[in-house]
>>> print(open('input03.pdb').read())   # PDB, C-alpha atoms and all ligand atoms
ATOM      1  CA  MET B 363       0.000   0.000   0.000
ATOM      2  CA  GLY B 364       1.475   3.355   0.957
ATOM      3  CA  ASP B 365       1.182   6.627  -0.918
ATOM      4  CA  PRO B 366       3.612   7.897  -3.597
ATOM      5  CA  ARG B 367       2.474  11.562  -3.452
ATOM      6  CA  PRO B 368       4.977  14.183  -2.260
ATOM      7  CA  ILE B 369       5.291  15.576   1.256
ATOM      8  CA  GLY B 370       4.775  19.354   1.419
ATOM      9  CA  PHE B 371       7.077  21.664   3.380
ATOM     10  CA  PHE B 372       6.554  25.322   4.153
ATOM     11  CA  ASP B 373       8.662  28.080   5.680
ATOM     12  CA  SER B 374       8.780  31.846   5.424
ATOM     13  CA  GLY B 375      12.052  31.445   3.532
ATOM     14  CA  VAL B 376      15.125  29.217   3.358
ATOM     15  CA  GLY B 377      15.058  28.104   7.017
ATOM     16  CA  GLY B 378      12.798  25.117   6.468
ATOM     17  CA  LEU B 379      15.438  23.666   4.149
ATOM     18  CA  THR B 380      17.294  22.657   7.330
ATOM     19  CA  VAL B 381      14.308  20.442   8.175
ATOM     20  CA  LEU B 382      13.968  19.217   4.597
ATOM     21  CA  ARG B 383      17.629  18.144   4.610
ATOM     22  CA  GLU B 384      17.089  15.913   7.660
ATOM     23  CA  VAL B 385      13.885  14.470   6.214
ATOM     24  CA  ILE B 386      15.663  13.523   2.977
ATOM     25  CA  ARG B 387      18.419  11.839   5.007
ATOM     26  CA  ARG B 388      15.859   9.923   7.001
ATOM     27  CA  LEU B 389      13.317   9.190   4.230
ATOM     28  CA  PRO B 390      15.360   9.235   0.993
ATOM     29  CA  ALA B 391      12.692   7.661  -1.226
ATOM     30  CA  GLU B 392      10.012  10.269  -0.458
ATOM     31  CA  ASP B 393       9.195  12.966  -3.029
ATOM     32  CA  THR B 394       9.037  16.470  -1.549
ATOM     33  CA  LEU B 395       7.588  19.842  -2.465
ATOM     34  CA  TYR B 396       9.009  22.832  -0.570
ATOM     35  CA  LEU B 397       7.501  26.309  -0.528
ATOM     36  CA  GLY B 398       9.541  29.262   0.765
ATOM     37  CA  ASP B 399       7.679  32.560   1.116
ATOM     38  CA  ASN B 400      10.917  34.516   0.661
ATOM     39  CA  GLU B 401       9.104  37.515  -0.759
ATOM     40  CA  ARG B 402       7.472  38.178   2.621
ATOM     41  CA  THR B 403      10.137  36.913   5.004
ATOM     42  CA  PRO B 404      10.678  37.509   7.880
ATOM     43  CA  TYR B 405       7.420  36.458   9.507
ATOM     44  CA  GLY B 406       8.801  36.757  13.034
ATOM     45  CA  PRO B 407       8.254  40.507  13.548
ATOM     46  CA  ARG B 408       4.734  40.410  12.069
ATOM     47  CA  PRO B 409       1.443  40.395  14.006
ATOM     48  CA  ASP B 410      -0.208  37.007  14.548
ATOM     49  CA  ASP B 411      -3.113  37.603  12.167
ATOM     50  CA  GLU B 412      -0.702  38.293   9.322
ATOM     51  CA  VAL B 413       1.344  35.168  10.072
ATOM     52  CA  VAL B 414      -1.902  33.173  10.013
ATOM     53  CA  ARG B 415      -3.008  34.687   6.704
ATOM     54  CA  PHE B 416       0.320  34.106   4.984
ATOM     55  CA  SER B 417       0.536  30.557   6.354
ATOM     56  CA  ILE B 418      -2.918  29.739   4.968
ATOM     57  CA  GLU B 419      -1.956  31.075   1.532
ATOM     58  CA  CYS B 420       1.165  28.910   1.523
ATOM     59  CA  LEU B 421      -0.591  25.776   2.741
ATOM     60  CA  ASP B 422      -3.429  26.312   0.243
ATOM     61  CA  ALA B 423      -0.786  26.310  -2.511
ATOM     62  CA  LEU B 424       0.713  23.045  -1.215
ATOM     63  CA  ALA B 425      -2.688  21.392  -0.729
ATOM     64  CA  GLU B 426      -3.678  22.357  -4.299
ATOM     65  CA  ARG B 427      -0.617  20.446  -5.507
ATOM     66  CA  ASP B 428      -1.915  17.279  -3.884
ATOM     67  CA  VAL B 429       0.636  16.660  -1.145
ATOM     68  CA  LYS B 430      -0.078  13.766   1.223
ATOM     69  CA  ALA B 431       1.100  15.507   4.411
ATOM     70  CA  ILE B 432       2.534  18.909   5.329
ATOM     71  CA  VAL B 433       5.452  19.863   7.545
ATOM     72  CA  VAL B 434       5.132  23.426   8.797
ATOM     73  CA  ALA B 435       8.918  23.869   8.868
ATOM     74  CA  CYS B 436       8.578  27.314  10.414
ATOM     75  CA  ASN B 437       8.469  27.795  14.177
ATOM     76  CA  THR B 438       6.688  31.121  13.860
ATOM     77  CA  SER B 439       3.853  29.629  11.840
ATOM     78  CA  THR B 440       3.763  26.531  14.052
ATOM     79  CA  ALA B 441       3.608  28.640  17.215
ATOM     80  CA  VAL B 442       0.927  31.000  15.946
ATOM     81  CA  ALA B 443      -1.172  29.015  13.459
ATOM     82  CA  LEU B 444      -0.799  25.229  13.843
ATOM     83  CA  PRO B 445      -4.164  24.413  15.527
ATOM     84  CA  LEU B 446      -6.000  26.512  12.950
ATOM     85  CA  LEU B 447      -4.101  24.939  10.049
ATOM     86  CA  ARG B 448      -4.894  21.474  11.354
ATOM     87  CA  ARG B 449      -8.585  22.314  11.368
ATOM     88  CA  ARG B 450      -8.494  23.735   7.832
ATOM     89  CA  TYR B 451      -6.945  20.828   5.921
ATOM     90  CA  ALA B 452      -7.888  17.157   5.824
ATOM     91  CA  LEU B 453      -4.197  16.246   5.835
ATOM     92  CA  PRO B 454      -1.759  15.228   8.547
ATOM     93  CA  ILE B 455       0.136  18.411   9.504
ATOM     94  CA  LEU B 456       3.309  18.369  11.572
ATOM     95  CA  GLY B 457       4.856  21.388  13.268
ATOM     96  CA  VAL B 458       8.415  21.861  14.520
ATOM     97  CA  VAL B 459       7.908  23.157  18.067
ATOM     98  CA  ARG B 460       6.957  19.902  19.779
ATOM     99  CA  PRO B 461       9.833  17.844  18.266
ATOM    100  CA  GLY B 462      12.324  20.589  19.195
ATOM    101  CA  ALA B 463      11.002  20.800  22.742
ATOM    102  CA  THR B 464      11.322  17.031  23.192
ATOM    103  CA  ALA B 465      14.909  17.096  21.905
ATOM    104  CA  ALA B 466      15.842  19.903  24.308
ATOM    105  CA  VAL B 467      14.326  18.159  27.324
ATOM    106  CA  LEU B 468      16.322  15.034  26.465
ATOM    107  CA  ALA B 469      19.534  17.075  26.128
ATOM    108  CA  THR B 470      19.527  19.184  29.275
ATOM    109  CA  ARG B 471      21.260  17.920  32.415
ATOM    110  CA  THR B 472      20.927  21.078  34.509
ATOM    111  CA  ARG B 473      17.234  21.365  33.572
ATOM    112  CA  ALA B 474      17.753  24.872  32.235
ATOM    113  CA  VAL B 475      17.094  25.431  28.525
ATOM    114  CA  GLY B 476      17.554  28.632  26.563
ATOM    115  CA  VAL B 477      15.340  29.071  23.510
ATOM    116  CA  ILE B 478      16.143  31.599  20.817
ATOM    117  CA  ALA B 479      13.383  32.297  18.342
ATOM    118  CA  THR B 480      11.536  35.025  16.469
ATOM    119  CA  PRO B 481       9.554  37.688  18.355
ATOM    120  CA  ALA B 482       6.223  36.045  17.371
ATOM    121  CA  THR B 483       7.363  32.609  18.587
ATOM    122  CA  VAL B 484       8.614  34.042  21.889
ATOM    123  CA  ARG B 485       5.421  36.061  22.327
ATOM    124  CA  SER B 486       3.373  32.862  21.923
ATOM    125  CA  HIS B 487       5.385  31.033  24.641
ATOM    126  CA  ALA B 488       4.840  27.897  22.549
ATOM    127  CA  TYR B 489       8.253  26.537  23.574
ATOM    128  CA  PHE B 490       7.704  27.293  27.241
ATOM    129  CA  GLU B 491       4.422  25.371  27.104
ATOM    130  CA  ALA B 492       5.755  22.441  25.070
ATOM    131  CA  ILE B 493       8.830  21.985  27.290
ATOM    132  CA  ASN B 494       6.726  22.406  30.409
ATOM    133  CA  GLU B 495       4.367  19.651  29.251
ATOM    134  CA  GLU B 496       7.343  17.326  28.665
ATOM    135  CA  ASP B 497       8.990  18.116  32.013
ATOM    136  CA  PRO B 498       7.616  20.806  34.323
ATOM    137  CA  PHE B 499      10.919  20.923  36.236
ATOM    138  CA  VAL B 500      12.879  22.263  33.265
ATOM    139  CA  GLU B 501      13.354  26.022  33.410
ATOM    140  CA  VAL B 502      12.855  27.735  30.054
ATOM    141  CA  PHE B 503      14.480  31.031  29.103
ATOM    142  CA  GLU B 504      12.882  32.275  25.890
ATOM    143  CA  HIS B 505      14.604  35.037  24.018
ATOM    144  CA  ALA B 506      13.781  36.783  20.739
ATOM    145  CA  THR B 507      16.699  37.246  18.337
ATOM    146  CA  PRO B 508      15.253  39.168  15.372
ATOM    147  CA  GLU B 509      18.651  40.122  13.939
ATOM    148  CA  LEU B 510      19.425  36.613  12.750
ATOM    149  CA  VAL B 511      16.802  35.708  10.116
ATOM    150  CA  PRO B 512      17.621  38.639   7.785
ATOM    151  CA  LEU B 513      21.303  37.615   7.918
ATOM    152  CA  VAL B 514      20.472  34.068   6.847
ATOM    153  CA  GLU B 515      18.098  35.214   4.095
ATOM    154  CA  ALA B 516      20.905  37.442   2.805
ATOM    155  CA  GLY B 517      23.230  34.419   2.730
ATOM    156  CA  LYS B 518      25.473  35.846   5.496
ATOM    157  CA  LEU B 519      26.322  32.782   7.535
ATOM    158  CA  GLN B 520      29.793  33.550   8.876
ATOM    159  CA  GLY B 521      32.349  36.306   9.420
ATOM    160  CA  PRO B 522      32.946  39.050  11.973
ATOM    161  CA  ALA B 523      29.632  40.867  11.387
ATOM    162  CA  VAL B 524      27.699  37.604  11.833
ATOM    163  CA  ASP B 525      29.651  36.761  15.017
ATOM    164  CA  ALA B 526      28.949  40.233  16.390
ATOM    165  CA  ALA B 527      25.215  39.895  15.678
ATOM    166  CA  ILE B 528      25.126  36.483  17.370
ATOM    167  CA  ARG B 529      27.003  37.816  20.398
ATOM    168  CA  ARG B 530      24.589  40.720  20.719
ATOM    169  CA  SER B 531      21.615  38.394  20.275
ATOM    170  CA  LEU B 532      22.778  35.820  22.827
ATOM    171  CA  ALA B 533      24.124  38.255  25.413
ATOM    172  CA  PRO B 534      21.083  38.084  27.729
ATOM    173  CA  LEU B 535      21.068  34.296  27.742
ATOM    174  CA  LEU B 536      24.801  34.142  28.325
ATOM    175  CA  GLY B 537      24.462  36.291  31.412
ATOM    176  CA  ASP B 538      25.878  39.431  29.899
ATOM    177  CA  ALA B 539      23.033  41.763  30.774
ATOM    178  CA  VAL B 540      25.112  44.750  29.720
ATOM    179  CA  GLN B 541      24.206  44.142  26.094
ATOM    180  CA  ALA B 542      20.612  43.129  26.749
ATOM    181  CA  ASP B 543      17.945  44.979  24.843
ATOM    182  CA  PRO B 544      15.474  46.161  27.499
ATOM    183  CA  SER B 545      12.618  46.041  25.014
ATOM    184  CA  PHE B 546      12.483  42.256  25.161
ATOM    185  CA  VAL B 547      10.218  40.637  27.711
ATOM    186  CA  PHE B 548      11.665  37.708  29.607
ATOM    187  CA  PRO B 549       9.594  35.234  31.545
ATOM    188  CA  LYS B 550      12.588  34.634  33.835
ATOM    189  CA  PRO B 551      15.639  36.549  35.105
ATOM    190  CA  LEU B 552      18.469  37.077  32.661
ATOM    191  CA  ASP B 553      21.328  35.332  34.406
ATOM    192  CA  ALA B 554      20.274  31.868  33.356
ATOM    193  CA  ARG B 555      22.734  29.023  33.752
ATOM    194  CA  ILE B 556      21.566  27.157  30.697
ATOM    195  CA  ASP B 557      23.364  24.040  29.466
ATOM    196  CA  THR B 558      21.207  23.640  26.350
ATOM    197  CA  LEU B 559      20.436  26.205  23.691
ATOM    198  CA  LEU B 560      17.467  25.337  21.491
ATOM    199  CA  LEU B 561      17.444  26.974  18.075
ATOM    200  CA  GLY B 562      13.713  27.725  17.953
ATOM    201  CA  CYS B 563      13.749  29.054  14.403
ATOM    202  CA  THR B 564      14.515  26.882  11.402
ATOM    203  CA  HIS B 565      16.786  29.556   9.927
ATOM    204  CA  TYR B 566      19.211  29.370  12.865
ATOM    205  CA  PRO B 567      20.796  25.957  12.141
ATOM    206  CA  LEU B 568      22.367  27.664   9.116
ATOM    207  CA  LEU B 569      24.291  29.713  11.698
ATOM    208  CA  SER B 570      24.969  26.804  14.038
ATOM    209  CA  GLU B 571      28.713  26.701  13.382
ATOM    210  CA  ALA B 572      29.057  30.354  14.390
ATOM    211  CA  ILE B 573      26.651  29.919  17.324
ATOM    212  CA  ARG B 574      28.576  26.877  18.618
ATOM    213  CA  GLY B 575      31.813  28.844  18.406
ATOM    214  CA  ILE B 576      30.335  31.547  20.608
ATOM    215  CA  VAL B 577      28.500  29.487  23.247
ATOM    216  CA  GLY B 578      31.427  27.081  23.599
ATOM    217  CA  PRO B 579      31.506  23.321  24.212
ATOM    218  CA  GLY B 580      29.708  23.489  27.578
ATOM    219  CA  THR B 581      26.354  24.290  25.992
ATOM    220  CA  ALA B 582      24.523  21.775  23.786
ATOM    221  CA  VAL B 583      23.104  23.438  20.677
ATOM    222  CA  ILE B 584      19.925  21.651  19.601
ATOM    223  CA  ASP B 585      17.517  22.171  16.751
ATOM    224  CA  SER B 586      14.240  20.567  15.784
ATOM    225  CA  ALA B 587      15.253  19.170  12.374
ATOM    226  CA  THR B 588      16.300  15.636  13.357
ATOM    227  CA  ALA B 589      13.431  15.222  15.814
ATOM    228  CA  THR B 590      10.954  16.500  13.217
ATOM    229  CA  ALA B 591      12.239  13.999  10.643
ATOM    230  CA  SER B 592      11.702  11.177  13.174
ATOM    231  CA  ALA B 593       8.229  12.455  14.018
ATOM    232  CA  LEU B 594       7.396  12.615  10.299
ATOM    233  CA  ALA B 595       8.587   9.043   9.771
ATOM    234  CA  SER B 596       6.251   7.891  12.576
ATOM    235  CA  LEU B 597       3.381   9.956  11.216
ATOM    236  CA  LEU B 598       3.720   8.421   7.744
ATOM    237  CA  GLU B 599       3.841   4.972   9.257
ATOM    238  CA  VAL B 600       0.781   5.490  11.443
ATOM    239  CA  HIS B 601      -1.245   6.785   8.481
ATOM    240  CA  ASP B 602       0.223   4.219   6.038
ATOM    241  CA  LEU B 603       1.435   7.105   3.899
ATOM    242  CA  GLY B 604       5.026   6.017   3.261
ATOM    243  CA  THR B 605       5.974   5.842  -0.414
ATOM    244  CA  PRO B 606       6.009   2.379  -1.982
ATOM    245  CA  ASP B 607       8.839   3.579  -4.298
ATOM    246  CA  THR B 608      12.419   2.668  -3.517
ATOM    247  CA  ALA B 609      14.323   4.932  -5.943
ATOM    248  CA  PRO B 610      15.637   8.266  -4.552
ATOM    249  CA  GLY B 611      12.815  10.812  -4.253
ATOM    250  CA  GLN B 612      12.234  13.783  -6.571
ATOM    251  CA  HIS B 613      12.339  17.277  -5.078
ATOM    252  CA  LEU B 614      10.746  20.502  -6.244
ATOM    253  CA  LEU B 615      11.349  23.859  -4.583
ATOM    254  CA  LEU B 616       8.990  26.820  -4.934
ATOM    255  CA  THR B 617       9.807  30.366  -3.870
ATOM    256  CA  THR B 618       7.792  33.566  -3.849
ATOM    257  CA  GLY B 619      11.099  35.446  -3.937
ATOM    258  CA  ASP B 620      14.212  35.574  -6.064
ATOM    259  CA  VAL B 621      15.063  32.178  -7.570
ATOM    260  CA  ALA B 622      18.824  32.872  -7.822
ATOM    261  CA  ALA B 623      19.085  33.944  -4.162
ATOM    262  CA  PHE B 624      17.123  30.879  -3.092
ATOM    263  CA  GLU B 625      19.377  28.657  -5.168
ATOM    264  CA  ALA B 626      22.505  30.175  -3.573
ATOM    265  CA  THR B 627      21.359  29.185  -0.080
ATOM    266  CA  SER B 628      19.937  25.820  -1.054
ATOM    267  CA  THR B 629      23.219  24.765  -2.666
ATOM    268  CA  ARG B 630      25.015  25.491   0.625
ATOM    269  CA  LEU B 631      22.807  22.904   2.260
ATOM    270  CA  PHE B 632      22.570  20.425  -0.592
ATOM    271  CA  ASP B 633      25.993  20.323  -2.234
ATOM    272  CA  ALA B 634      24.866  19.057  -5.608
ATOM    273  CA  GLY B 635      21.683  21.134  -5.548
ATOM    274  CA  LEU B 636      18.433  19.463  -4.769
ATOM    275  CA  GLY B 637      16.103  19.817  -7.711
ATOM    276  CA  GLU B 638      14.206  22.347  -9.768
ATOM    277  CA  ILE B 639      13.469  25.744  -8.228
ATOM    278  CA  GLU B 640      10.378  27.478  -9.581
ATOM    279  CA  PRO B 641       8.880  30.856  -8.803
ATOM    280  CA  ILE B 642       5.376  30.894  -7.368
ATOM    281  CA  VAL B 643       2.996  33.808  -6.993
ATOM    282  CA  LEU B 644       0.639  33.746  -4.030
ATOM    283  CA  GLY B 645      -2.373  36.013  -3.535
ATOM    284  CA  ARG B 646      -0.776  38.935  -1.787
ATOM    285  CA  ALA B 647       2.805  38.294  -2.797
ATOM    286  CA  ALA B 648       1.713  39.037  -6.375
ATOM    287  CA  GLY B 649       1.386  42.732  -5.623
ATOM    288  CA  GLY B 650       4.047  42.735  -2.954
ATOM    289  CA  VAL B 651       1.532  44.447  -0.665
ATOM    290  CA  THR B 652       1.521  42.931   2.766
ATOM    291  CA  GLY B 653       0.934  45.686   5.268
ATOM    292  CA  GLY B 654       3.540  43.878   7.354
ATOM    293  CA  SER B 655       5.792  45.527   9.886
ATOM    294  CA  ALA B 656       8.930  43.738   8.691
TER     295      ALA B 656
HETATM  296  N1  LIG N   1      12.131  30.060   9.890
HETATM  297  C1  LIG N   1      11.013  30.594  10.582
HETATM  298  C2  LIG N   1      10.916  30.105  11.993
HETATM  299  O1  LIG N   1      11.296  28.982  12.226
HETATM  300  C3  LIG N   1      10.627  32.018  10.379
HETATM  301  C4  LIG N   1      11.637  33.093  10.461
HETATM  302  C5  LIG N   1      10.998  34.398  10.086
HETATM  303  O2  LIG N   1      10.442  34.486   8.992
HETATM  304  O3  LIG N   1      11.020  35.340  10.893
HETATM  305  O4  LIG N   1      10.447  30.775  12.865
END
>>> encode(input="input03.pdb", output="structure tokens", more="lines below")
Ligand code: DGL
Amino acid sequence: MGDPRPIGFFDSGVGGLTVLREVIRRLPAEDTLYLGDNERTPYGPRPDDEVVRFSIECLDALAERDVKAIVVACNTSTAVALPLLRRRYALPILGVVRPGATAAVLATRTRAVGVIATPATVRSHAYFEAINEEDPFVEVFEHATPELVPLVEAGKLQGPAVDAAIRRSLAPLLGDAVQADPSFVFPKPLDARIDTLLLGCTHYPLLSEAIRGIVGPGTAVIDSATATASALASLLEVHDLGTPDTAPGQHLLLTTGDVAAFEATSTRLFDAGLGEIEPIVLGRAAGGVTGGSA
């Protein structure tokens, strides 16, 4: 039995490719269809209703292309819109917050986890809730790091300017309150003694080398990609949706933004390139009018 149709993936931009990469490692025979809404990235600084609207437009486009399941490979969309998206489509839909939270709870020894994410994800406290449900004794220090997504979208993944931005962004979690931006709201005091840093945005694993260099070997740097790939494998099995094919899967990438820029980042992740990249026009992206605050 099984189902040969592709699995759909969605992110505001290139970040979800970090999840796609792990899924292809784990499920190499599956066909995939990835949609990056690069034209309107970043989602993180936008109000919730806009994130919901954009997410629906993207998932409508994937559903129209007859995918068998969807991975919302965007923490911001998962945090803000997942329950609503699950109600809207008669498809299994997997988010990235729960798998990431589980991975972080398994990693921490001191029971203190730092989570860096977009402002919308932090505002939702989705990670605090998910970690708390896994283990209520784990302290969670959520921190918004809005400087990082634009760097990744611009293909800036290393170098002194990137290191400086990461240092500034992590300063509150690393106990250096001097550089903390007082406009951020923290659920806990700043001088956390975290031993695990959860990258709560799918763009951030593209910076993980630089982040690891800054936090040092004493802090485990975790992301949701591997755990999401495992959760997806289970989901396909439970629903009998795994592909019956055995040849390597076919992959199609869609972007609302610039195809060449998207290709530049995707080839960093997938050495030989992954597959065709096609432009896609969504309702509002067509006119470039979003009313967003980004
Ligand atoms: N990669 C997304 C996330 O995981 C969104 C980043 C953004 O668009 O702000 O949150």
>>> residues_around(input="input03.pdb", residues="Ser486 of chain B", least_positions_apart="2", cutoff="12 Å", atoms="only C-alpha atoms", output="PyMOL selection string")
chain B and resi 406+409-410+437-444+459+479-484+488-492+504-506+547+549
>>> write_last_selection(input="input03.pdb", atoms="C-alpha atoms", output="PDB file, in the coordinates of the input")
ATOM      1  CA  GLY B 406       8.801  36.757  13.034  1.00  0.00           C
ATOM      2  CA  PRO B 409       1.443  40.395  14.006  1.00  0.00           C
ATOM      3  CA  ASP B 410      -0.208  37.007  14.548  1.00  0.00           C
ATOM      4  CA  ASN B 437       8.469  27.795  14.177  1.00  0.00           C
ATOM      5  CA  THR B 438       6.688  31.121  13.860  1.00  0.00           C
ATOM      6  CA  SER B 439       3.853  29.629  11.840  1.00  0.00           C
ATOM      7  CA  THR B 440       3.763  26.531  14.052  1.00  0.00           C
ATOM      8  CA  ALA B 441       3.608  28.640  17.215  1.00  0.00           C
ATOM      9  CA  VAL B 442       0.927  31.000  15.946  1.00  0.00           C
ATOM     10  CA  ALA B 443      -1.172  29.015  13.459  1.00  0.00           C
ATOM     11  CA  LEU B 444      -0.799  25.229  13.843  1.00  0.00           C
ATOM     12  CA  VAL B 459       7.908  23.157  18.067  1.00  0.00           C
ATOM     13  CA  ALA B 479      13.383  32.297  18.342  1.00  0.00           C
ATOM     14  CA  THR B 480      11.536  35.025  16.469  1.00  0.00           C
ATOM     15  CA  PRO B 481       9.554  37.688  18.355  1.00  0.00           C
ATOM     16  CA  ALA B 482       6.223  36.045  17.371  1.00  0.00           C
ATOM     17  CA  THR B 483       7.363  32.609  18.587  1.00  0.00           C
ATOM     18  CA  VAL B 484       8.614  34.042  21.889  1.00  0.00           C
ATOM     19  CA  ALA B 488       4.840  27.897  22.549  1.00  0.00           C
ATOM     20  CA  TYR B 489       8.253  26.537  23.574  1.00  0.00           C
ATOM     21  CA  PHE B 490       7.704  27.293  27.241  1.00  0.00           C
ATOM     22  CA  GLU B 491       4.422  25.371  27.104  1.00  0.00           C
ATOM     23  CA  ALA B 492       5.755  22.441  25.070  1.00  0.00           C
ATOM     24  CA  GLU B 504      12.882  32.275  25.890  1.00  0.00           C
ATOM     25  CA  HIS B 505      14.604  35.037  24.018  1.00  0.00           C
ATOM     26  CA  ALA B 506      13.781  36.783  20.739  1.00  0.00           C
ATOM     27  CA  VAL B 547      10.218  40.637  27.711  1.00  0.00           C
ATOM     28  CA  PRO B 549       9.594  35.234  31.545  1.00  0.00           C
TER      29      PRO B 549
END
>>> closest_residue(input="input03.pdb", among="B:Glu625, B:Gln520, B:His613, B:Asp411", to="Phe371 of chain B", atoms="all atoms listed in the file")
B:His613
>>> resolve_selection(input="input03.pdb", expression="the PyMOL selection byres (((not hetatm)) within 6 of (chain N and resi 1))", output="list in words")
Asp373, Ser374, Gly377, Thr403, Pro404, Tyr405, Gly406, Cys436, Asn437, Thr438, Thr480, Val511, Cys563, Thr564 and His565 of chain B
>>> residues_around(input="input03.pdb", residues="Gln612 of chain B", least_positions_apart="6", cutoff="10 Å", atoms="all atoms listed in the file", output="JSON list (two decimals) with C-alpha atoms, keeping the file's coordinate frame")
[["chain", "number", "residue", "atom", "x", "y", "z"],
["B", 368, "PRO", "CA", 4.98, 14.18, -2.26],
["B", 390, "PRO", "CA", 15.36, 9.24, 0.99],
["B", 391, "ALA", "CA", 12.69, 7.66, -1.23],
["B", 392, "GLU", "CA", 10.01, 10.27, -0.46],
["B", 393, "ASP", "CA", 9.20, 12.97, -3.03],
["B", 394, "THR", "CA", 9.04, 16.47, -1.55],
["B", 395, "LEU", "CA", 7.59, 19.84, -2.46],
["B", 636, "LEU", "CA", 18.43, 19.46, -4.77],
["B", 637, "GLY", "CA", 16.10, 19.82, -7.71],
["B", 638, "GLU", "CA", 14.21, 22.35, -9.77]]
>>> resolve_selection(input="input03.pdb", expression="the PyMOL selection byres (((chain B and resi 370) around 9) and not hetatm)", output="JSON, numbers by chain")
{"B": [368, 369, 371, 372, 393, 394, 395, 396, 397, 421, 424, 425, 427, 428, 429, 430, 431, 432, 433, 434]}
>>> write_last_selection(input="input03.pdb", atoms="C-alpha atoms", output="CSV table (one decimal), in the frame of the given file")
chain,number,residue,atom,x,y,z
B,368,PRO,CA,5.0,14.2,-2.3
B,369,ILE,CA,5.3,15.6,1.3
B,371,PHE,CA,7.1,21.7,3.4
B,372,PHE,CA,6.6,25.3,4.2
B,393,ASP,CA,9.2,13.0,-3.0
B,394,THR,CA,9.0,16.5,-1.5
B,395,LEU,CA,7.6,19.8,-2.5
B,396,TYR,CA,9.0,22.8,-0.6
B,397,LEU,CA,7.5,26.3,-0.5
B,421,LEU,CA,-0.6,25.8,2.7
B,424,LEU,CA,0.7,23.0,-1.2
B,425,ALA,CA,-2.7,21.4,-0.7
B,427,ARG,CA,-0.6,20.4,-5.5
B,428,ASP,CA,-1.9,17.3,-3.9
B,429,VAL,CA,0.6,16.7,-1.1
B,430,LYS,CA,-0.1,13.8,1.2
B,431,ALA,CA,1.1,15.5,4.4
B,432,ILE,CA,2.5,18.9,5.3
B,433,VAL,CA,5.5,19.9,7.5
B,434,VAL,CA,5.1,23.4,8.8
>>> closest_residue(input="input03.pdb", among="B:Ala452, B:Leu616, B:Leu597, B:Val583", to="Leu644 of chain B", atoms="all atoms listed in the file")
B:Leu616
>>> closest_residue(input="input03.pdb", among="B:Val385, B:Arg448, B:Thr558, B:Glu640", to="Thr617 of chain B", atoms="only C-alpha atoms")
B:Glu640
>>> closest_residue(input="input03.pdb", among="B:Leu447, B:Leu468, B:Leu560, B:Ala626", to="Ala587 of chain B", atoms="all atoms listed in the file")
B:Leu560
>>> closest_residue(input="input03.pdb", among="B:Ala582, B:Val621, B:Val514, B:Ala474", to="Pro567 of chain B", atoms="all atoms listed in the file")
B:Val514
>>> atom_distance(input="input03.pdb", atom1="atom CA of Arg383 of chain B", atom2="atom CA of Asp497 of chain B")
28.7 Å
>>> atom_distance(input="input03.pdb", atom1="atom CA of Arg388 of chain B", atom2="atom CA of Leu598 of chain B")
12.3 Å
